[in-house]
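Structure below is query_14.tsv: TSV, C-alpha atoms and all ligand atoms.
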chain	number	residue	atom	x	y	z
X	1	MET	CA	56.71	35.12	-27.26
X	2	LEU	CA	55.20	32.14	-29.00
X	3	VAL	CA	54.10	32.73	-32.59
X	4	VAL	CA	51.62	30.17	-33.90
X	5	ASP	CA	50.96	30.28	-37.65
X	6	ASP	CA	51.10	27.59	-40.32
X	7	ASP	CA	51.94	30.15	-43.01
X	8	PRO	CA	55.76	30.37	-42.84
X	9	SER	CA	55.89	33.87	-44.38
X	10	ILE	CA	53.53	35.30	-41.72
X	11	ALA	CA	55.29	33.46	-38.90
X	12	ARG	CA	58.63	34.80	-40.15
X	13	LEU	CA	57.23	38.35	-40.44
X	14	LEU	CA	55.88	38.27	-36.87
X	15	GLU	CA	59.17	36.88	-35.65
X	16	ILE	CA	61.13	39.72	-37.31
X	17	ILE	CA	58.78	42.39	-35.90
X	18	LEU	CA	59.01	40.99	-32.37
X	19	LYS	CA	62.73	40.20	-32.38
X	20	ARG	CA	63.55	43.70	-33.61
X	21	GLU	CA	61.96	45.03	-30.40
X	22	GLY	CA	64.05	42.67	-28.31
X	23	TYR	CA	61.45	39.97	-27.61
X	24	GLU	CA	62.61	36.36	-27.63
X	25	CYS	CA	60.54	34.30	-30.02
X	26	ALA	CA	59.63	30.67	-30.67
X	27	CYS	CA	57.39	29.48	-33.51
X	28	ALA	CA	54.81	26.72	-33.79
X	29	GLN	CA	52.81	25.65	-36.83
X	30	SER	CA	49.82	23.85	-35.36
X	31	VAL	CA	47.73	23.49	-32.20
X	32	GLY	CA	49.61	20.32	-31.26
X	33	ASP	CA	52.96	21.96	-31.91
X	34	ALA	CA	52.00	25.01	-29.81
X	35	MET	CA	50.73	22.92	-26.87
X	36	ARG	CA	54.04	21.04	-26.85
X	37	SER	CA	56.02	24.31	-26.80
X	38	LEU	CA	53.79	25.69	-24.02
X	39	ARG	CA	54.40	22.62	-21.90
X	40	GLU	CA	58.16	22.82	-22.44
X	41	GLY	CA	58.68	26.51	-21.68
X	42	ALA	CA	57.05	29.51	-20.08
X	43	PHE	CA	55.81	32.24	-22.43
X	44	ASP	CA	54.61	35.75	-21.62
X	45	VAL	CA	52.56	36.17	-24.78
X	46	MET	CA	51.24	33.83	-27.48
X	47	VAL	CA	50.26	35.28	-30.85
X	48	SER	CA	48.12	32.77	-32.73
X	49	ASP	CA	46.41	32.54	-36.09
X	50	VAL	CA	42.73	31.53	-35.94
X	51	ARG	CA	42.84	28.85	-38.62
X	52	LEU	CA	45.43	26.19	-37.96
X	53	PRO	CA	45.87	22.86	-39.81
X	54	ASP	CA	44.81	20.68	-36.86
X	55	GLY	CA	42.20	22.89	-35.22
X	56	SER	CA	41.08	26.33	-34.17
X	57	GLY	CA	43.41	28.98	-32.78
X	58	LEU	CA	40.59	30.03	-30.47
X	59	ASP	CA	40.45	26.57	-28.91
X	60	LEU	CA	44.23	26.75	-28.57
X	61	VAL	CA	43.98	30.10	-26.75
X	62	GLU	CA	41.32	28.73	-24.44
X	63	ALA	CA	43.35	25.62	-23.58
X	64	ALA	CA	46.63	27.53	-23.24
X	65	VAL	CA	45.20	30.18	-20.91
X	66	ALA	CA	43.51	27.49	-18.81
X	67	GLU	CA	46.85	25.71	-18.44
X	68	ASP	CA	48.93	28.83	-17.74
X	69	SER	CA	46.87	31.76	-16.56
X	70	ARG	CA	50.02	33.90	-16.37
X	71	MET	CA	50.28	33.97	-20.17
X	72	ALA	CA	48.54	36.55	-22.36
X	73	ALA	CA	47.22	35.59	-25.82
X	74	LEU	CA	46.60	37.58	-29.00
X	75	VAL	CA	44.65	36.31	-31.99
X	76	ILE	CA	45.48	37.09	-35.61
X	77	SER	CA	42.89	36.54	-38.31
X	78	GLY	CA	42.31	37.17	-41.98
X	79	LEU	CA	38.70	38.00	-41.16
X	80	ASP	CA	37.71	41.48	-40.07
X	81	ASP	CA	34.78	40.03	-38.14
X	82	VAL	CA	33.40	41.56	-34.93
X	83	ALA	CA	31.67	38.33	-33.86
X	84	LEU	CA	34.91	36.37	-34.25
X	85	ALA	CA	36.86	39.06	-32.35
X	86	ASP	CA	34.24	38.91	-29.61
X	87	ARG	CA	34.63	35.12	-29.38
X	88	ALA	CA	38.41	35.49	-29.23
X	89	LEU	CA	38.16	37.89	-26.28
X	90	ARG	CA	35.65	35.65	-24.58
X	91	VAL	CA	37.92	32.59	-24.68
X	92	GLY	CA	40.66	34.62	-23.01
X	93	ALA	CA	42.56	36.52	-25.73
X	94	TYR	CA	43.67	40.08	-24.93
X	95	GLY	CA	43.43	41.34	-28.51
X	96	TYR	CA	42.44	40.61	-32.08
X	97	ILE	CA	44.66	41.68	-34.98
X	98	VAL	CA	43.38	41.65	-38.56
X	99	LYS	CA	45.59	40.68	-41.52
X	100	PRO	CA	47.24	42.40	-43.25
X	101	PHE	CA	48.78	44.03	-40.19
X	102	SER	CA	51.48	46.65	-39.72
X	103	ALA	CA	54.44	46.16	-37.40
X	104	ASN	CA	53.02	48.81	-35.09
X	105	GLU	CA	49.65	47.08	-34.80
X	106	VAL	CA	51.40	43.91	-33.65
X	107	LEU	CA	53.66	45.74	-31.21
X	108	VAL	CA	50.84	47.82	-29.74
X	109	GLY	CA	48.83	44.60	-29.34
X	110	VAL	CA	51.71	42.82	-27.61
X	111	MET	CA	52.47	45.76	-25.30
X	112	GLY	CA	48.78	46.08	-24.41
X	113	ALA	CA	48.59	42.37	-23.64
X	114	LEU	CA	51.71	42.53	-21.47
X	115	SER	CA	50.55	45.50	-19.41
X	116	HIS	CA	47.04	44.08	-19.01
X	117	ARG	CA	48.54	40.81	-17.84
X	118	ARG	CA	50.86	42.59	-15.38
X	119	ARG	CA	47.90	44.45	-13.84
X	120	GLU	CA	45.95	41.23	-13.49
X	121	LEU	CA	48.88	39.46	-11.85
X	122	ASP	CA	49.36	42.37	-9.41
X	123	ALA	CA	45.66	42.21	-8.51
X	124	ARG	CA	45.94	38.47	-8.00
X	125	ASP	CA	49.00	38.84	-5.75
X	126	GLU	CA	47.14	41.42	-3.69
X	127	LEU	CA	44.18	39.07	-3.31
X	128	ARG	CA	46.47	36.22	-2.32
X	129	GLU	CA	48.20	38.42	0.26
X	130	ALA	CA	44.79	39.51	1.62
X	131	SER	CA	43.63	35.91	2.05
X	132	ALA	CA	46.92	34.90	3.68
X	133	GLU	CA	46.50	37.79	6.11
X	134	THR	CA	42.89	36.82	6.82
X	135	ILE	CA	44.11	33.36	7.71
X	136	ARG	CA	46.81	34.69	10.02
X	137	ARG	CA	44.23	36.85	11.78
X	138	LEU	CA	41.71	33.99	12.02
X	139	SER	CA	44.44	31.79	13.48
X	140	ALA	CA	45.30	34.54	15.98
X	141	ALA	CA	41.64	34.65	17.04
X	142	VAL	CA	41.75	30.91	17.70
X	143	GLU	CA	45.03	31.22	19.57
X	144	ALA	CA	43.42	33.63	21.98
X	145	ARG	CA	41.53	30.69	23.53
X	146	ASP	CA	43.85	27.89	22.57
X	147	THR	CA	46.67	26.28	24.46
X	148	ASN	CA	48.83	26.45	21.33
X	149	THR	CA	51.12	29.42	21.02
X	150	ALA	CA	51.62	31.59	17.96
X	151	ALA	CA	55.17	30.25	17.82
X	152	HIS	CA	53.85	26.68	17.50
X	153	ILE	CA	51.45	27.62	14.74
X	154	ILE	CA	54.19	29.33	12.75
X	155	GLY	CA	56.71	26.55	13.49
X	156	MET	CA	54.25	23.83	12.53
X	157	SER	CA	53.43	25.49	9.20
X	158	ASP	CA	57.14	26.05	8.46
X	159	PHE	CA	57.79	22.34	9.03
X	160	CYS	CA	54.84	21.49	6.74
X	161	PHE	CA	56.55	23.59	4.07
X	162	ALA	CA	59.98	22.05	4.68
X	163	ILE	CA	58.63	18.46	4.55
X	164	ALA	CA	56.61	19.10	1.38
X	165	ASN	CA	59.63	20.71	-0.22
X	166	GLU	CA	61.84	17.77	0.75
X	167	LEU	CA	59.27	15.37	-0.70
X	168	GLY	CA	59.53	17.23	-4.02
X	169	LEU	CA	56.00	18.68	-4.10
X	170	PRO	CA	55.64	21.58	-6.57
X	171	PRO	CA	56.73	24.94	-5.04
X	172	GLU	CA	53.20	26.38	-5.29
X	173	ARG	CA	51.77	23.39	-3.41
X	174	CYS	CA	54.42	23.82	-0.69
X	175	GLU	CA	53.48	27.49	-0.29
X	176	LEU	CA	49.79	26.63	-0.22
X	177	LEU	CA	50.45	24.08	2.51
X	178	ARG	CA	52.37	26.66	4.54
X	179	ALA	CA	49.48	29.13	4.19
X	180	ALA	CA	46.72	26.59	4.96
X	181	SER	CA	48.26	24.68	7.89
X	182	PRO	CA	48.00	27.46	10.55
X	183	MET	CA	44.26	26.77	10.60
X	184	HIS	CA	44.65	23.12	11.61
X	185	ASP	CA	43.24	23.67	15.12
X	186	VAL	CA	40.60	26.26	14.18
X	187	GLY	CA	37.92	23.80	15.41
X	188	LYS	CA	39.06	24.41	18.99
X	189	VAL	CA	36.70	27.41	18.97
X	190	GLY	CA	33.94	24.80	19.31
X	191	VAL	CA	35.46	23.00	22.31
X	192	PRO	CA	34.03	24.08	25.70
X	193	ASP	CA	36.39	26.09	27.93
X	194	HIS	CA	36.26	23.62	30.83
X	195	VAL	CA	37.77	21.00	28.50
X	196	LEU	CA	40.07	23.18	26.41
X	197	LEU	CA	41.61	24.98	29.39
X	198	LYS	CA	41.62	22.09	31.87
X	199	PRO	CA	45.14	21.79	33.28
X	200	GLY	CA	44.98	18.12	34.33
X	201	THR	CA	44.36	14.88	32.48
X	202	LEU	CA	41.11	14.71	30.53
X	203	THR	CA	38.42	12.15	31.33
X	204	ALA	CA	37.24	9.89	28.50
X	205	GLY	CA	34.22	12.13	27.94
X	206	GLU	CA	36.32	15.29	27.92
X	207	ARG	CA	38.79	13.71	25.53
X	208	GLU	CA	35.91	12.93	23.19
X	209	LEU	CA	34.85	16.60	23.26
X	210	MET	CA	38.44	17.71	22.66
X	211	GLU	CA	38.83	15.35	19.72
X	212	GLN	CA	35.83	16.95	18.07
X	213	HIS	CA	38.02	19.93	17.14
X	214	ALA	CA	39.17	18.11	13.99
X	215	GLU	CA	35.62	17.62	12.72
X	216	ILE	CA	34.50	21.11	13.81
X	217	GLY	CA	37.50	22.66	12.01
X	218	TYR	CA	36.59	20.74	8.89
X	219	ARG	CA	32.99	21.99	9.06
X	220	ILE	CA	34.15	25.59	9.49
X	221	LEU	CA	36.50	25.46	6.52
X	222	THR	CA	34.84	23.09	4.06
X	223	GLY	CA	32.71	23.95	1.04
X	224	SER	CA	34.85	26.82	-0.22
X	225	ARG	CA	35.88	27.24	-3.84
X	226	SER	CA	39.22	28.58	-2.64
X	227	GLU	CA	41.95	25.98	-3.03
X	228	LEU	CA	43.59	27.35	0.10
X	229	LEU	CA	40.52	26.87	2.29
X	230	HIS	CA	39.84	23.50	0.70
X	231	LEU	CA	43.34	22.38	1.73
X	232	ALA	CA	42.92	23.94	5.18
X	233	ALA	CA	39.71	21.91	5.65
X	234	THR	CA	41.52	18.70	4.68
X	235	ILE	CA	44.34	19.44	7.14
X	236	ALA	CA	41.97	20.31	9.99
X	237	TRP	CA	40.09	17.06	9.39
X	238	THR	CA	43.07	14.73	9.07
X	239	HIS	CA	45.97	16.08	11.16
X	240	HIS	CA	45.18	13.68	14.03
X	241	GLU	CA	44.76	10.59	11.86
X	242	ARG	CA	47.50	8.00	12.35
X	243	LEU	CA	48.92	5.54	9.84
X	244	ASP	CA	47.85	2.47	11.84
X	245	GLY	CA	44.26	3.68	12.18
X	246	SER	CA	44.62	4.69	15.84
X	247	GLY	CA	43.95	8.38	15.14
X	248	TYR	CA	40.77	10.43	14.99
X	249	PRO	CA	38.16	11.52	13.97
X	250	ARG	CA	37.67	8.78	11.37
X	251	GLY	CA	40.42	6.28	12.18
X	252	LEU	CA	41.74	6.43	8.63
X	253	LYS	CA	44.66	4.14	7.74
X	254	GLY	CA	47.75	4.50	5.55
X	255	SER	CA	47.04	6.01	2.17
X	256	GLU	CA	43.42	6.74	3.17
X	257	ILE	CA	44.94	9.74	4.94
X	258	PRO	CA	45.59	12.49	2.39
X	259	GLN	CA	49.27	13.35	1.98
X	260	GLU	CA	48.77	16.85	3.39
X	261	GLY	CA	47.21	15.34	6.52
X	262	ARG	CA	50.18	12.98	6.92
X	263	ILE	CA	52.57	15.92	6.57
X	264	ALA	CA	50.62	18.09	9.02
X	265	ALA	CA	50.52	15.25	11.59
X	266	VAL	CA	54.30	14.93	11.65
X	267	ALA	CA	54.92	18.70	11.61
X	268	ASP	CA	52.35	19.30	14.38
X	269	VAL	CA	53.70	16.65	16.76
X	270	PHE	CA	57.36	17.44	16.09
X	271	ASP	CA	56.97	21.16	16.65
X	272	ALA	CA	54.79	20.67	19.75
X	273	LEU	CA	57.43	18.40	21.31
X	274	THR	CA	60.03	21.17	20.99
X	275	ARG	CA	57.89	23.60	23.03
X	276	ASP	CA	57.30	23.84	26.77
X	277	ARG	CA	54.01	22.51	28.08
X	278	VAL	CA	52.56	23.00	31.56
X	279	TYR	CA	53.02	19.28	32.21
X	280	ARG	CA	56.53	18.89	30.73
X	281	PRO	CA	59.55	20.90	29.60
X	282	ARG	CA	60.39	20.98	25.88
X	283	PHE	CA	62.42	18.27	24.21
X	284	SER	CA	65.56	19.10	22.27
X	285	ARG	CA	65.20	18.91	18.50
X	286	GLY	CA	67.27	15.73	18.46
X	287	ASP	CA	65.07	14.03	21.07
X	288	ALA	CA	61.88	15.23	19.40
X	289	LEU	CA	63.16	13.87	16.10
X	290	GLN	CA	63.89	10.53	17.79
X	291	ILE	CA	60.37	10.35	19.25
X	292	VAL	CA	58.82	11.01	15.85
X	293	THR	CA	61.20	8.53	14.19
X	294	ASP	CA	60.24	5.86	16.76
X	295	ALA	CA	56.65	6.16	15.54
X	296	ARG	CA	57.72	5.88	11.89
X	297	GLU	CA	55.47	3.29	10.24
X	298	SER	CA	53.16	2.89	13.25
X	299	ALA	CA	51.74	6.41	13.61
X	300	PHE	CA	53.51	8.38	10.93
X	301	ASP	CA	54.15	7.96	7.24
X	302	PRO	CA	57.79	6.79	6.81
X	303	ASP	CA	58.51	9.03	3.78
X	304	THR	CA	57.15	12.04	5.64
X	305	VAL	CA	59.26	11.31	8.72
X	306	ASP	CA	62.37	10.80	6.55
X	307	ALA	CA	61.70	14.14	4.85
X	308	LEU	CA	61.43	15.88	8.24
X	309	VAL	CA	64.67	14.27	9.44
X	310	ALA	CA	66.51	15.24	6.25
X	311	SER	CA	65.30	18.82	6.41
X	312	VAL	CA	65.99	19.32	10.14
X	313	GLU	CA	69.43	17.72	9.91
X	314	ARG	CA	70.37	19.90	6.98
X	315	ASP	CA	68.95	23.20	8.18
X	316	GLY	CA	69.77	23.26	11.84
X	317	ALA	CA	72.23	21.83	14.28
X	318	ILE	CA	70.37	19.40	16.50
X	319	ALA	CA	70.98	20.15	20.11
X	320	SER	CA	71.78	16.93	21.87
X	321	SER	CA	70.60	16.34	25.38
X	322	PRO	CA	70.11	13.26	27.52
X	323	ARG	CA	67.27	11.10	26.24
X	324	ARG	CA	63.99	11.61	28.08
X	325	GLN	CA	60.83	9.62	27.95
X	326	PRO	CA	57.95	11.39	26.20
X	327	GLY	CA	55.55	13.09	28.60
X	328	PRO	CA	51.78	12.54	28.65
X	401	FE	FE	44.77	19.43	16.55

Output the structure of this file as structure tokens.
Amino acid sequence: MLVVDDDPSIARLLEIILKREGYECACAQSVGDAMRSLREGAFDVMVSDVRLPDGSGLDLVEAAVAEDSRMAALVISGLDDVALADRALRVGAYGYIVKPFSANEVLVGVMGALSHRRRELDARDELREASAETIRRLSAAVEARDTNTAAHIIGMSDFCFAIANELGLPPERCELLRAASPMHDVGKVGVPDHVLLKPGTLTAGERELMEQHAEIGYRILTGSRSELLHLAATIAWTHHERLDGSGYPRGLKGSEIPQEGRIAAVADVFDALTRDRVYRPRFSRGDALQIVTDARESAFDPDTVDALVASVERDGAIASSPRRQPGP
């Protein structure tokens, strides 16, 4: 719990009430003080006075909830004012307690805020699970007419996660990348069958049609307010870009390629190399790693390749086999 009140006697009283019930408490005396505490630690509930020396407790609640939506806030005020209470709820507070308060009023308020927050988090998890499942099913629909296998799609997204993790991206970003990357080839639904399913080498014209899958995927996924779909659109659009500008569809170079695109490119190629294709048997992990490493700096981002190498070497024994030349 974070108690925010500039009146030491009230802050102390709240602290005693909460600690007696077993809650851990920290205190802050101003908006600035509270924001610092919120940045330093995670709090389940913040109980804040409305009038603080350096600003409004309502603004504090608004900013704090925007920064950490997992936290519930309660507002305490000396004013028994419905309009003020209404404003407090509208900026994101769960309750409004009027001074002077009893211990029970505070505890009931805190328990209400905690259970409300738990229900909201459960609902959010369910929604997240539903969208992840939608993506898996959408990817399965694409697979049905794609040359990629389900195993490749799962493997590729696992490597995206492992690389992002190795690069030190925040855990939530790594998870988002794992959930978004299975849609990288969704644009293949727009590639004609005679090109997509052609067993032999593609003509220049056919290759051009095939390469359109990146742009088509982007058009299918773009424009959403969902962060997941937004990331999926970026990956679909940029997973065939290459560091030296030799990729498609836009021939982006170096840092023009978003980091997620650079990660997806390495994960996609590496995983594909370790799977059988009609025109070549699979490479061992060690050989596939060597092929990707050979293109470090020309096609692939060096840091991304290093992260893949570190993660593969740590997590799995690399089967060694005689070196083969990459197939077509
Ligand atoms: Fe692709």

Exercise. Of the candidates X:Leu273, X:Leu176, X:Leu114, X:Val98, which one gets nearest to Ser131 (chain X) if we count only C-alpha atoms?
Worked result: X:Leu176

For this session: Grab me every residue within 7 Å of ligand FE 401 (chain X), counting only C-alpha atoms and all ligand atoms, and send it over as a PyMOL selection string.
Result: chain X and resi 184-185+213-214+239-240

For this session: Fewer than 6 positions away in the same chain doesn't count, so skip those; otherwise give me all residues within 8 Å of Val50 (chain X), counting only C-alpha atoms, as number ranges by chain.
Result: X: 56-58, 75-77

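Distance-wise, CA of Gly200 (chain X) and CA of Thr149 (chain X) end up 18.5 Å apart.
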
Problem set entry | Residues within 9 Å of Gly109 (chain X), only C-alpha atoms, excluding chain neighbours under 2 positions, as a VMD selection string | chain X and resid 74 94 to 97 104 to 107 111 to 114

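Ranking X:Gly245, X:Asp294, X:Glu62, X:Leu2 by their shortest atom-to-atom distance to Glu40 (chain X), with all atoms listed in the file included, puts X:Leu2 first.
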
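Counting from CA of Ile257 (chain X), the distance to CA of Glu215 (chain X) is 14.5 Å.
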
Problem set entry | Nearest to Arg36 (chain X) by atom-to-atom distance, counting only C-alpha atoms, from X:Tyr23, X:Glu208, X:Val4, X:Ala93 | X:Val4

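Note that CA of Ala180 (chain X) and CA of Ile216 (chain X) are 16.1 Å apart.
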
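Between Leu221 (chain X) and the residues X:Arg285, X:Ile135, X:Ile163, X:Gly261, the shortest atom-to-atom distance, using only C-alpha atoms, involves X:Ile135.
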
For this session: Fewer than 3 positions away in the same chain doesn't count, so skip those; otherwise give me all residues within 12 Å of Gly78 (chain X), counting only C-alpha atoms, as a PyMOL selection string.
Result: chain X and resi 5+7+10+48-51+75+81+84-85+96-101

For this session: Considering all atoms listed in the file, state which residue in the set X:Glu21, X:Leu138, X:Val3, X:Ser9 is at the smallest distance from Phe43 (chain X).
Result: X:Val3

For this session: Fewer than 6 positions away in the same chain doesn't count, so skip those; otherwise give me all residues within 10 Å of Val142 (chain X), counting only C-alpha atoms, as a list in words.
Result: Arg136, Asn148, Ala150, Met183, Asp185, Val186, Gly187, Lys188 and Val189 of chain X

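Point (53.6, 19.6, 12.2) has the following residues at most 7 Å away: Met156, Ser157, Phe159, Cys160, Ile263, Ala264, Ala265, Val266, Ala267, Asp268, Val269, Phe270 and Asp271 of chain X (atoms considered: only C-alpha atoms).
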
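Comparing the minimum interatomic distances between Arg117 (chain X) and each of X:Ala73, X:Ile154, X:Leu89, X:Leu79, counting only C-alpha atoms, we find that X:Ala73 sits nearest.
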